[in-house]
Each structure stands twice: as C-alpha cells, then as structure tokens.
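Here is entry00.txt, consisting of compact mmCIF, C-alpha atoms and all ligand atoms:
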```
# COMPACT_ATOMS: atom_id res chain seq x y z
CA MET A 1 0.00 0.00 0.00
CA MET A 2 1.17 3.48 -0.91
CA ILE A 3 2.32 5.74 1.95
CA PRO A 4 0.60 9.06 1.18
CA PHE A 5 2.44 12.37 1.44
CA SER A 6 0.21 14.45 3.68
CA PRO A 7 -3.33 13.19 4.32
CA PRO A 8 -5.49 15.28 6.68
CA ARG A 9 -6.24 13.95 10.17
CA ILE A 10 -9.96 13.19 9.92
CA ASP A 11 -11.57 10.98 12.54
CA GLU A 12 -14.87 10.55 14.40
CA LYS A 13 -14.26 13.74 16.35
CA THR A 14 -13.98 15.79 13.16
CA ILE A 15 -17.01 14.10 11.63
CA GLU A 16 -19.05 14.71 14.76
CA ALA A 17 -18.10 18.39 14.86
CA VAL A 18 -19.10 18.87 11.22
CA SER A 19 -22.34 16.93 11.71
CA GLU A 20 -23.23 19.14 14.64
CA VAL A 21 -22.94 22.24 12.45
CA LEU A 22 -24.92 20.62 9.62
CA LYS A 23 -27.70 19.69 12.02
CA SER A 24 -27.72 23.09 13.71
CA GLY A 25 -29.25 24.77 10.66
CA TRP A 26 -26.46 27.40 10.54
CA ILE A 27 -23.77 26.42 8.04
CA THR A 28 -22.18 29.66 6.85
CA THR A 29 -20.19 32.25 8.88
CA GLY A 30 -21.53 32.27 12.43
CA PRO A 31 -20.68 31.33 16.01
CA LYS A 32 -18.11 28.63 15.14
CA THR A 33 -16.15 30.98 12.89
CA LYS A 34 -16.17 33.72 15.52
CA LEU A 35 -14.98 31.27 18.17
CA PHE A 36 -12.27 29.92 15.86
CA GLU A 37 -10.99 33.47 15.28
CA LYS A 38 -10.80 34.16 19.02
CA GLU A 39 -8.99 30.91 19.71
CA ILE A 40 -6.43 31.56 16.97
CA SER A 41 -5.74 35.03 18.44
CA ALA A 42 -5.27 33.51 21.89
CA TYR A 43 -3.08 30.68 20.63
CA CYS A 44 -0.85 32.94 18.53
CA GLY A 45 -0.79 35.90 20.90
CA VAL A 46 -1.97 38.37 18.25
CA LYS A 47 -4.36 41.30 18.60
CA SER A 48 -7.10 40.11 16.23
CA THR A 49 -7.83 37.42 13.66
CA VAL A 50 -10.12 37.32 10.64
CA ALA A 51 -10.94 33.88 9.23
CA VAL A 52 -11.22 33.60 5.44
CA ASN A 53 -11.77 30.90 2.80
CA SER A 54 -8.10 30.65 1.76
CA TRP A 55 -4.71 32.23 2.32
CA THR A 56 -4.83 33.53 -1.23
CA MET A 57 -8.09 35.44 -1.01
CA GLY A 58 -7.29 36.70 2.47
CA MET A 59 -4.00 38.11 1.22
CA GLN A 60 -5.69 39.61 -1.84
CA VAL A 61 -8.12 41.53 0.37
CA LEU A 62 -5.29 42.54 2.68
CA LEU A 63 -3.18 44.01 -0.13
CA HIS A 64 -6.25 45.86 -1.40
CA TRP A 65 -6.99 47.24 2.06
CA TRP A 66 -3.40 48.42 2.52
CA GLY A 67 -3.66 50.18 -0.85
CA ILE A 68 -0.95 48.24 -2.63
CA GLY A 69 -1.26 48.56 -6.39
CA GLU A 70 0.16 49.96 -9.62
CA GLY A 71 3.70 51.29 -9.20
CA ASP A 72 4.29 49.57 -5.85
CA GLU A 73 6.81 46.86 -5.03
CA VAL A 74 6.54 43.97 -2.59
CA ILE A 75 9.67 42.01 -1.66
CA LEU A 76 9.42 38.24 -1.24
CA PRO A 77 11.66 35.18 -1.63
CA ALA A 78 12.09 33.43 -4.99
CA TYR A 79 11.68 30.16 -3.11
CA THR A 80 7.98 29.89 -2.26
CA TYR A 81 4.65 28.66 -3.54
CA CYS A 82 3.24 30.56 -6.52
CA ALA A 83 0.37 32.00 -4.43
CA SER A 84 2.78 34.32 -2.57
CA ALA A 85 3.70 36.06 -5.85
CA ASN A 86 0.37 35.69 -7.70
CA VAL A 87 -1.52 37.88 -5.21
CA ILE A 88 1.00 40.69 -5.72
CA VAL A 89 0.56 40.49 -9.50
CA HIS A 90 -3.23 40.58 -9.10
CA ALA A 91 -2.91 43.64 -6.89
CA GLY A 92 -1.18 45.35 -9.84
CA ALA A 93 2.12 45.65 -7.97
CA LYS A 94 5.54 44.20 -8.79
CA PRO A 95 6.85 41.13 -6.94
CA VAL A 96 10.51 41.83 -6.21
CA LEU A 97 12.17 38.48 -5.65
CA VAL A 98 15.21 37.90 -3.46
CA ASP A 99 17.33 34.80 -3.09
CA ILE A 100 17.30 32.64 0.02
CA ASN A 101 20.10 32.44 2.58
CA GLY A 102 22.69 29.70 2.96
CA GLU A 103 21.34 28.32 6.24
CA ASP A 104 17.71 27.41 5.72
CA PHE A 105 15.07 27.85 3.00
CA ASN A 106 14.07 31.38 4.01
CA LEU A 107 14.75 34.74 2.42
CA ASP A 108 18.17 36.37 2.75
CA THR A 109 17.69 39.50 4.85
CA GLU A 110 20.81 41.17 3.40
CA ALA A 111 19.39 40.65 -0.10
CA VAL A 112 16.17 42.31 1.10
CA ARG A 113 18.09 45.42 2.15
CA LYS A 114 19.65 45.71 -1.32
CA VAL A 115 16.34 45.80 -3.20
CA ILE A 116 14.45 48.28 -1.02
CA THR A 117 13.44 51.34 -3.04
CA THR A 118 11.03 54.26 -2.60
CA LYS A 119 8.41 52.02 -4.22
CA THR A 120 8.70 49.26 -1.59
CA LYS A 121 5.42 49.04 0.33
CA ALA A 122 5.75 45.64 2.02
CA ILE A 123 8.02 42.69 2.69
CA LEU A 124 6.35 39.29 2.52
CA ALA A 125 8.53 36.89 4.51
CA VAL A 126 7.67 33.21 4.03
CA ASP A 127 8.33 30.69 6.83
CA ILE A 128 9.29 27.86 4.50
CA GLY A 129 8.69 24.40 5.91
CA GLY A 130 7.51 25.95 9.19
CA PHE A 131 10.85 27.51 10.18
CA PRO A 132 10.44 31.19 11.13
CA CYS A 133 12.28 33.88 9.16
CA ASP A 134 14.58 36.34 10.93
CA TYR A 135 11.76 38.67 11.94
CA ASP A 136 13.96 40.51 14.44
CA VAL A 137 16.43 41.37 11.66
CA LEU A 138 13.65 42.37 9.24
CA ARG A 139 11.98 44.48 11.90
CA SER A 140 15.14 46.43 12.72
CA LEU A 141 15.82 46.82 8.99
CA ILE A 142 12.47 48.50 8.25
CA ASN A 143 12.93 50.75 11.27
CA GLU A 144 16.38 51.99 10.28
CA PRO A 145 16.18 55.80 9.82
CA GLU A 146 17.62 55.66 6.31
CA ILE A 147 15.19 52.95 5.18
CA LYS A 148 12.30 54.75 6.85
CA SER A 149 13.16 58.01 5.12
CA LYS A 150 12.94 56.25 1.75
CA PHE A 151 9.40 55.11 2.48
CA SER A 152 6.80 57.05 0.55
CA PRO A 153 3.24 56.40 1.76
CA SER A 154 0.39 56.66 -0.75
CA ASN A 155 -2.56 56.68 1.66
CA GLU A 156 -3.52 57.38 5.27
CA LEU A 157 -2.97 53.83 6.49
CA GLN A 158 0.54 53.67 5.08
CA GLN A 159 1.25 57.10 6.49
CA LYS A 160 0.03 55.99 9.88
CA LEU A 161 2.56 53.15 9.87
CA GLY A 162 5.30 55.36 8.43
CA ARG A 163 7.43 52.49 7.24
CA ILE A 164 7.44 49.33 5.13
CA LEU A 165 4.75 46.83 6.21
CA LEU A 166 6.10 43.50 7.47
CA LEU A 167 3.90 40.64 6.30
CA SER A 168 4.38 37.00 7.09
CA ASP A 169 3.27 34.18 4.83
CA ALA A 170 2.81 31.76 7.71
CA ALA A 171 1.06 29.13 5.57
CA HIS A 172 3.52 26.54 6.95
CA SER A 173 4.33 27.89 10.38
CA PHE A 174 1.23 27.66 12.56
CA GLY A 175 2.60 27.17 16.08
CA ALA A 176 6.25 27.81 15.24
CA LEU A 177 8.19 29.75 17.87
CA MET A 178 10.77 32.48 17.91
CA ASN A 179 12.24 33.91 21.11
CA GLY A 180 9.39 32.39 23.09
CA GLN A 181 6.68 33.98 20.94
CA LYS A 182 4.55 32.41 18.25
CA SER A 183 6.14 33.46 14.96
CA ALA A 184 2.82 34.97 13.80
CA ALA A 185 3.13 37.60 16.53
CA LEU A 186 6.41 38.91 15.09
CA ALA A 187 5.12 40.38 11.83
CA ASP A 188 2.66 43.27 11.49
CA ILE A 189 0.21 40.88 9.87
CA ALA A 190 0.62 37.12 9.60
CA THR A 191 -1.40 35.08 7.14
CA PHE A 192 -2.28 31.40 7.55
CA SER A 193 -3.47 28.76 5.13
CA PHE A 194 -5.69 25.95 6.37
CA HIS A 195 -5.64 24.09 3.07
CA ALA A 196 -5.95 20.29 3.32
CA VAL A 197 -2.18 19.64 3.29
CA LYS A 198 -1.25 22.25 5.88
CA ASN A 199 -0.43 21.47 9.55
CA LEU A 200 -3.82 22.71 10.68
CA THR A 201 -6.64 22.31 8.19
CA THR A 202 -10.24 23.40 7.64
CA ALA A 203 -10.34 21.61 4.21
CA GLU A 204 -9.82 25.01 2.59
CA GLY A 205 -9.37 28.15 4.61
CA GLY A 206 -7.06 30.76 6.00
CA ALA A 207 -6.71 33.53 8.54
CA LEU A 208 -5.30 37.03 8.80
CA CYS A 209 -3.68 37.78 12.16
CA PHE A 210 -3.22 41.45 12.99
CA ASN A 211 -0.45 42.66 15.19
CA LEU A 212 0.10 46.24 14.07
CA PRO A 213 1.61 48.84 16.42
CA GLU A 214 -0.48 50.10 19.36
CA HIS A 215 -1.75 53.23 17.62
CA PHE A 216 -3.87 51.10 15.24
CA ASP A 217 -7.42 50.30 16.39
CA HIS A 218 -7.60 46.53 15.99
CA GLU A 219 -11.31 46.30 16.73
CA GLU A 220 -12.03 48.79 13.98
CA ILE A 221 -9.72 46.93 11.59
CA TYR A 222 -11.49 43.66 12.41
CA ARG A 223 -14.86 45.21 11.63
CA GLU A 224 -13.54 46.71 8.40
CA MET A 225 -12.08 43.39 7.26
CA CYS A 226 -15.33 41.51 8.00
CA VAL A 227 -17.13 43.97 5.71
CA LYS A 228 -14.48 43.65 3.00
CA ILE A 229 -14.62 39.86 2.89
CA LEU A 230 -18.43 39.91 2.53
CA HIS A 231 -19.23 42.08 -0.53
CA GLY A 232 -18.63 45.29 1.42
CA GLN A 233 -21.93 44.65 3.16
CA ASN A 234 -22.22 46.23 6.59
CA LYS A 235 -24.32 43.40 8.04
CA ASP A 236 -23.55 39.70 7.82
CA ALA A 237 -26.09 36.90 7.31
CA LEU A 238 -26.32 36.16 11.02
CA ALA A 239 -27.05 39.79 11.93
CA LYS A 240 -29.78 39.87 9.27
CA THR A 241 -31.64 36.99 10.95
CA LYS A 242 -32.57 39.27 13.85
CA LYS A 243 -36.28 40.14 13.64
CA GLY A 244 -36.94 42.80 11.04
CA ASN A 245 -33.25 43.58 10.72
CA TRP A 246 -33.11 43.14 6.96
CA ARG A 247 -31.81 46.52 5.80
CA TYR A 248 -28.13 46.78 4.99
CA ASP A 249 -25.79 48.99 3.02
CA VAL A 250 -22.79 48.27 0.85
CA GLU A 251 -19.98 50.57 1.88
CA GLU A 252 -17.75 49.73 -1.08
CA PRO A 253 -17.51 46.97 -3.68
CA GLY A 254 -16.13 44.19 -1.52
CA PHE A 255 -14.79 40.68 -1.99
CA LYS A 256 -16.38 37.33 -1.05
CA CYS A 257 -14.13 35.07 0.94
CA ASN A 258 -15.63 34.45 4.35
CA MET A 259 -15.08 31.19 6.21
CA THR A 260 -18.07 28.92 6.88
CA ASP A 261 -18.97 27.39 10.24
CA ILE A 262 -18.49 23.94 8.67
CA GLN A 263 -14.84 24.81 8.04
CA ALA A 264 -14.42 26.48 11.43
CA ALA A 265 -15.79 23.37 13.17
CA ILE A 266 -12.98 21.31 11.61
CA GLY A 267 -10.48 23.98 12.61
CA LEU A 268 -11.65 24.05 16.23
CA VAL A 269 -11.11 20.30 16.55
CA GLU A 270 -7.68 20.64 14.92
CA LEU A 271 -6.69 23.50 17.20
CA GLU A 272 -7.79 21.72 20.37
CA ARG A 273 -5.39 18.87 19.68
CA TYR A 274 -2.73 20.81 17.86
CA GLN A 275 0.02 20.16 20.40
CA GLU A 276 -0.39 16.40 19.83
CA ASN A 277 0.02 17.06 16.13
CA LEU A 278 3.20 19.13 16.68
CA ASP A 279 4.65 16.50 19.03
CA ARG A 280 4.11 13.72 16.51
CA ARG A 281 5.59 15.77 13.68
CA LYS A 282 8.62 16.54 15.82
CA ALA A 283 9.09 12.82 16.53
CA VAL A 284 8.97 12.08 12.78
CA PHE A 285 11.51 14.85 12.13
CA ASN A 286 13.80 13.41 14.81
CA ALA A 287 13.58 9.93 13.31
CA TYR A 288 14.52 11.30 9.88
CA ASP A 289 17.36 13.33 11.43
CA ASN A 290 18.75 10.26 13.17
CA ALA A 291 18.66 8.21 10.00
CA PHE A 292 19.99 10.76 7.53
CA SER A 293 22.58 12.55 9.63
CA LYS A 294 24.59 9.32 9.39
CA GLU A 295 24.68 9.50 5.58
CA GLU A 296 27.44 11.49 3.94
CA TRP A 297 25.27 12.20 0.91
CA ALA A 298 22.51 13.84 2.95
CA SER A 299 21.90 17.34 4.35
CA ILE A 300 19.18 17.51 6.94
CA PRO A 301 16.96 20.60 7.19
CA LEU A 302 17.44 23.19 9.93
CA HIS A 303 14.38 23.15 12.22
CA THR A 304 15.59 24.11 15.69
CA THR A 305 18.01 26.76 16.92
CA GLU A 306 18.34 28.49 20.27
CA ALA A 307 15.87 31.17 19.18
CA LYS A 308 13.59 29.26 16.82
CA THR A 309 11.45 26.14 16.77
CA SER A 310 9.78 24.93 13.60
CA SER A 311 6.16 23.83 13.28
CA TYR A 312 7.61 20.77 11.51
CA HIS A 313 5.54 21.27 8.36
CA LEU A 314 7.98 20.01 5.69
CA TYR A 315 10.97 17.73 6.08
CA GLN A 316 13.13 19.07 3.25
CA LEU A 317 15.93 16.56 2.83
CA ARG A 318 18.76 17.43 0.44
CA ILE A 319 20.97 15.03 -1.45
CA ASN A 320 24.40 16.64 -1.77
CA ASN A 321 26.04 17.33 -5.10
CA ILE A 322 23.32 15.96 -7.35
CA SER A 323 21.71 17.46 -10.43
CA GLU A 324 18.02 18.25 -10.79
CA GLU A 325 17.74 15.32 -13.18
CA GLN A 326 19.29 12.90 -10.67
CA ARG A 327 16.93 14.20 -7.99
CA ASP A 328 13.98 13.47 -10.25
CA ARG A 329 15.24 9.93 -10.87
CA ILE A 330 15.61 9.35 -7.12
CA ILE A 331 12.02 10.53 -6.61
CA GLN A 332 10.85 8.10 -9.28
CA GLU A 333 12.65 5.25 -7.49
CA ILE A 334 11.10 6.22 -4.15
CA PHE A 335 7.61 6.18 -5.67
CA GLU A 336 8.35 2.73 -7.13
CA GLN A 337 8.64 1.61 -3.51
CA ASP A 338 5.16 2.94 -2.71
CA VAL A 339 6.33 5.99 -0.82
CA SER A 340 4.98 9.43 -1.79
CA VAL A 341 7.43 12.30 -1.67
CA ASN A 342 7.27 15.83 -3.03
CA VAL A 343 9.29 18.89 -4.05
CA HIS A 344 8.80 22.21 -2.22
CA PHE A 345 9.04 24.33 -4.27
CA LEU A 346 9.65 25.06 -7.90
CA PRO A 347 11.19 28.53 -7.42
CA ILE A 348 9.00 31.31 -8.84
CA PRO A 349 11.46 32.20 -11.66
CA LEU A 350 11.13 28.66 -13.06
CA LEU A 351 7.39 29.08 -13.64
CA THR A 352 6.33 30.09 -17.16
CA ALA A 353 4.11 32.90 -15.87
CA TYR A 354 7.13 34.52 -14.23
CA LYS A 355 9.69 33.71 -16.92
CA LYS A 356 7.39 35.66 -19.22
CA ARG A 357 7.58 38.56 -16.79
CA GLY A 358 11.37 38.61 -17.09
CA TYR A 359 12.49 36.73 -13.98
CA ASN A 360 15.56 34.55 -14.49
CA ILE A 361 16.50 31.63 -12.23
CA ASN A 362 20.22 32.44 -12.70
CA ASP A 363 19.67 35.45 -10.46
CA TYR A 364 18.70 33.13 -7.57
CA PRO A 365 21.49 30.53 -7.34
CA GLU A 366 20.80 29.52 -3.73
CA ALA A 367 17.10 28.95 -4.44
CA TYR A 368 17.90 26.88 -7.51
CA GLY A 369 20.60 24.85 -5.77
CA LYS A 370 18.37 23.93 -2.87
CA TYR A 371 15.39 23.19 -5.10
CA ALA A 372 17.42 20.92 -7.40
CA GLN A 373 18.68 18.72 -4.56
CA MET A 374 15.58 18.70 -2.36
CA ILE A 375 13.05 15.99 -1.62
CA SER A 376 10.21 16.52 0.91
CA LEU A 377 9.39 13.44 2.95
CA PRO A 378 5.98 12.53 4.42
CA VAL A 379 5.23 14.12 7.81
CA TYR A 380 1.82 13.86 9.48
CA TYR A 381 0.09 12.85 12.67
CA ASP A 382 -1.09 9.43 11.49
CA LEU A 383 2.29 8.38 10.05
CA THR A 384 3.38 5.35 12.10
CA ASP A 385 6.92 4.50 13.25
CA GLU A 386 6.81 1.54 10.92
CA GLN A 387 5.96 3.76 7.97
CA VAL A 388 8.73 6.18 8.93
CA GLU A 389 11.17 3.26 8.69
CA LEU A 390 9.78 2.34 5.27
CA VAL A 391 10.26 5.91 4.06
CA ILE A 392 13.85 5.96 5.33
CA GLU A 393 14.66 2.66 3.65
CA ALA A 394 13.02 3.72 0.38
CA VAL A 395 15.01 6.97 0.29
CA LYS A 396 18.32 5.30 1.15
CA SER A 397 17.98 2.49 -1.38
CA SER A 398 16.81 4.88 -4.12
CA VAL A 399 19.79 7.16 -3.60
CA VAL A 400 22.14 4.17 -3.76
CA ARG A 401 20.45 2.87 -6.90
CA VAL A 402 20.60 6.17 -8.79
CA LEU A 403 24.02 7.37 -7.62
CA GLY A 404 25.56 3.90 -7.64
CA PHE A 405 27.38 3.72 -4.30
C1 LIG A 501 -0.42 26.73 0.62
C2 LIG A 501 0.35 27.98 0.51
C3 LIG A 501 -0.27 29.21 0.18
C4 LIG A 501 -1.67 29.29 -0.33
O1 LIG A 501 -2.64 28.90 0.58
P1 LIG A 501 -4.15 28.70 0.09
O2 LIG A 501 -4.91 28.58 1.39
O3 LIG A 501 -4.21 27.47 -0.73
O4 LIG A 501 -4.56 29.90 -0.67
C5 LIG A 501 0.49 30.36 0.23
N1 LIG A 501 1.79 30.34 0.56
C6 LIG A 501 2.43 29.18 0.83
C7 LIG A 501 3.88 29.23 1.18
C8 LIG A 501 1.74 27.98 0.80
O5 LIG A 501 2.38 26.84 1.02
```
Give the structure from the file, written as structure tokens.
Ligand SMILES: *Cc1c(COP(=O)(O)O)cnc(C)c1O
Amino acid sequence: MMIPFSPPRIDEKTIEAVSEVLKSGWITTGPKTKLFEKEISAYCGVKSTVAVNSWTMGMQVLLHWWGIGEGDEVILPAYTYCASANVIVHAGAKPVLVDINGEDFNLDTEAVRKVITTKTKAILAVDIGGFPCDYDVLRSLINEPEIKSKFSPSNELQQKLGRILLLSDAAHSFGALMNGQKSAALADIATFSFHAVKNLTTAEGGALCFNLPEHFDHEEIYREMCVKILHGQNKDALAKTKKGNWRYDVEEPGFKCNMTDIQAAIGLVELERYQENLDRRKAVFNAYDNAFSKEEWASIPLHTTEAKTSSYHLYQLRINNISEEQRDRIIQEIFEQDVSVNVHFLPIPLLTAYKKRGYNINDYPEAYGKYAQMISLPVYYDLTDEQVELVIEAVKSSVVRVLGF
C-alpha cells in the first residue's frame, strides 16, 4: 500500500463536529467561525484574527486594504509557492524576488536590504517548511532611519505606519516559535493557510492575524475586514436573521471570501489537539534526522536553533552534489517503492508565468541549488513508526540505486 504524502487527520471527532454544524441549521459564517478566530488570536498571541476561505483570497483583500497597487513593489523570496507572488501580480504591484540564505530555506535578509526602493510598500517573509524567518532582523531593517526616510506612503494607512509593512506568509508555520513567541506575533500581519495539506486544516481556509503597532485600532480593523470579505456589506447573514433587521448597506464593492462554520468546526477540533500534532511531527523529524545525519550524501533541514522552533511542516531533505535530473530519478525510485514524496518548491522564476515577466533563475542561485537537490518526505500525525522506517529505507535504497554507491 502506498504511503501518502500528507493526508489530513480526519476521525470521528472531526465528523461529529461537522455533523453538529450541519444539524444546527447554521452552516455559513456564524458562532463557530467567531470562536475559531478568538482561539487563533489567543493561541498565537496576536491582537485580532479574521478567518477567510483561503490564504490567497485573504491576502488579496489585505493588499487591497493596505492600498498596494500599480507602481508599488513587494519584496518576497524566490523560493515559495506561486500564491505568494500571484496575489501581488493581481494587486497590480511588482513582486521583487530575493534569493534565500545559505542556512535554511528562508529569504536572505541582506538581499532584502539591497532591493528596497522608494516604491517598496511591504516585505512578505515566508516561513518555508515551518521555520520562522529572521523577523527581528527584518523588523530592525524596516525601522532603520535611512530605510524609513525612503518610504513614501500613498494613503492614510501607510502614512500611519510610516514604514514598510512587514507581512508574514505563515502558511507553513502555525505554532512555530521564535524567542518564546509564536512566529505569527512577530510580523505586522501574519497570514495562515488551512488548506488540506497544511499542519492545521479546515479543508480550505485561512486567517489574517493582525499585530500592528499600538496606535492602530484593531477592533475597527477587524470590523472593516469583516465587511471587505463579505461584498462590502455592513451586516452579515447572522445579523440579518434578527427580527426585522433586513436593511443593509454596501460601503464599497467588496470581496467574497468568508469562512463557513463547517470549516471552522474542523479547525476548532484541529486546534484543540494541535500540540499532539506538533509532538508527533517533531518525533517524525527526529527519526529522519537520526537516520539521515549518518549519511554522507545527505543534508538535513534546519528546524531548531536556540531562538527558533519549527512547526515541523515540511521535512526538506537534500541530497548533496546531485543534479536536478538525478533528484527526479531518485524521486521516481522512491515512488516505485510505494512511498509518496514531493518537491517544495519550484522557485517562482522557473514558472512560465514569471519567466514571461522577465524573472531569471540564474539570479537566484541559492534557491535553484536547494530546489534541485531537495526531496520533501511525508510528515503527518497518522504516520506510524513503521511507515517512517519504510520511508527511510526507500530513500536510502533509491539514492544508492541512482548514484551507484
Ligand atoms: C499553501 C500555501 C499558500 C496558499 O494557501 P491557500 O490557502 O491554498 O490559498 C500560500 N503560501 C504558501 C507558502 C503555501 O504553502
């Protein structure tokens, strides 16, 4: 039987929670979604949370709200999922890609400094694999007087912040830690994905976590975002069920990307037992570390330092000194042994849509090098010790077969 790559953890508890919502007669945004938002804020230690139907749509609304558009630039790593760059293109702004650093799979903060211009409105740091970026370094960078003086706000919100906005694509890093804080609390706004393959899932879904400086009114922002994600309508479906309370207004042409209570019910179950999930993932990571640190051909991924702890989303193993073509052959061999593996990610400049826009992979040697030698191994709660051993054996024998030692 095939070992899958990342199946969701669905059991009787999940099914019961969803059934309860279905039977309640209230299936769209309502009490479960509101509770889920509050619990995410408490768990992450952020000021407010808005649940949405995906990371992508949440981020789209966010960029719109912040007024990012034509003529603006957003800095992000070349090594990420296409969604991180696509939303910037849809906003009408320019994705400015930087290479990743030599240590992990995250953006190189020195490279970020070099590409900041007067057009830079935001930095989108991506916690690849669940390992937090250097938010402390990025935060001091955007607060440097010289960098701040370059910043040219184009609306009141941007003026109120007075510097580049620090965004976190935390699609992988729910529950990751940095200096004792949840990594989501270290950016101005952190954005989660609860897609089926992510650490915490709601089938599809996402959340925006706000942690702007004190002089921003987070309750007001929460209200504004709830309107934006529901057509711009100033009353949601639940509020309209109050007797005679039908009349509403549309404050502006909004978007439509609210989370449903069916999704939130799954998320609440996931959140309640999230520590179990993290513990199991950590154990799988440790087993892989033990096995592969003994192999000269392997480089194990960085997931724990004194300051940082990963959420153990992706185990990104690298096979030293191989070509992209050899990597692909190794993957084929692993699949032949009924083990599913994956590649995270095809760097943005390798995608046709971005080649056409003039990006060239040769400008991002570290991203290409890591991509070409990387294989992501299965990590999930239901993966048994026995299966972990099968994965290890499949990887080892495939490497030997392809490289011939
Ligand atoms: C999954 C993912 C997204 C997109 O999330 P959706 O909820 O599917 O929109 C964005 N960024 C990264 C790094 C991801 O892995």
TODO: To one decimal in Å, tell me the separation between CA of Phe192 (chain A) and CA of Ala51 (chain A).
DONE: 9.2 Å
Open item on the list: Taking all atoms listed in the file and a cut-off of 6 Å, can you tell me which residues surround ligand LIG 501 (chain A), written as a ChimeraX atom specification?
Closed with: /A:54-56,80-81,83-84,169,171,193-195,205-206
Quick one: residues within 6 Å of region 322-331 of chain A, only C-alpha atoms counted, chain neighbours fewer than 3 positions away excluded, as a PDB file with C-alpha atoms, in the coordinates of the input?
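File result-v3.pdb, as written:
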```
ATOM      1  CA  ILE A 334      11.100   6.220  -4.150  1.00  0.00           C
ATOM      2  CA  ALA A 372      17.420  20.920  -7.400  1.00  0.00           C
ATOM      3  CA  GLN A 373      18.680  18.720  -4.560  1.00  0.00           C
ATOM      4  CA  SER A 398      16.810   4.880  -4.120  1.00  0.00           C
ATOM      5  CA  VAL A 399      19.790   7.160  -3.600  1.00  0.00           C
TER       6      VAL A 399
END
```
- [ ] Would you mind telling me which residue in A:Val74, A:Leu317, A:Leu97, A:Val339 lies nearest to Thr117 (chain A) when using only C-alpha atoms?
- [x]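 Among the listed residues, the smallest separation from Thr117 (chain A) belongs to A:Val74.
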Open item on the list: Here's a test: counting all atoms listed in the file, identify every protein, DNA and RNA residue with an atom at most 10 Å from (-7.3, 24.7, 22.6) in the file's coordinate frame, and state them as a ChimeraX atom specification.
Closed with: /A:36,39-40,42-43,268-275
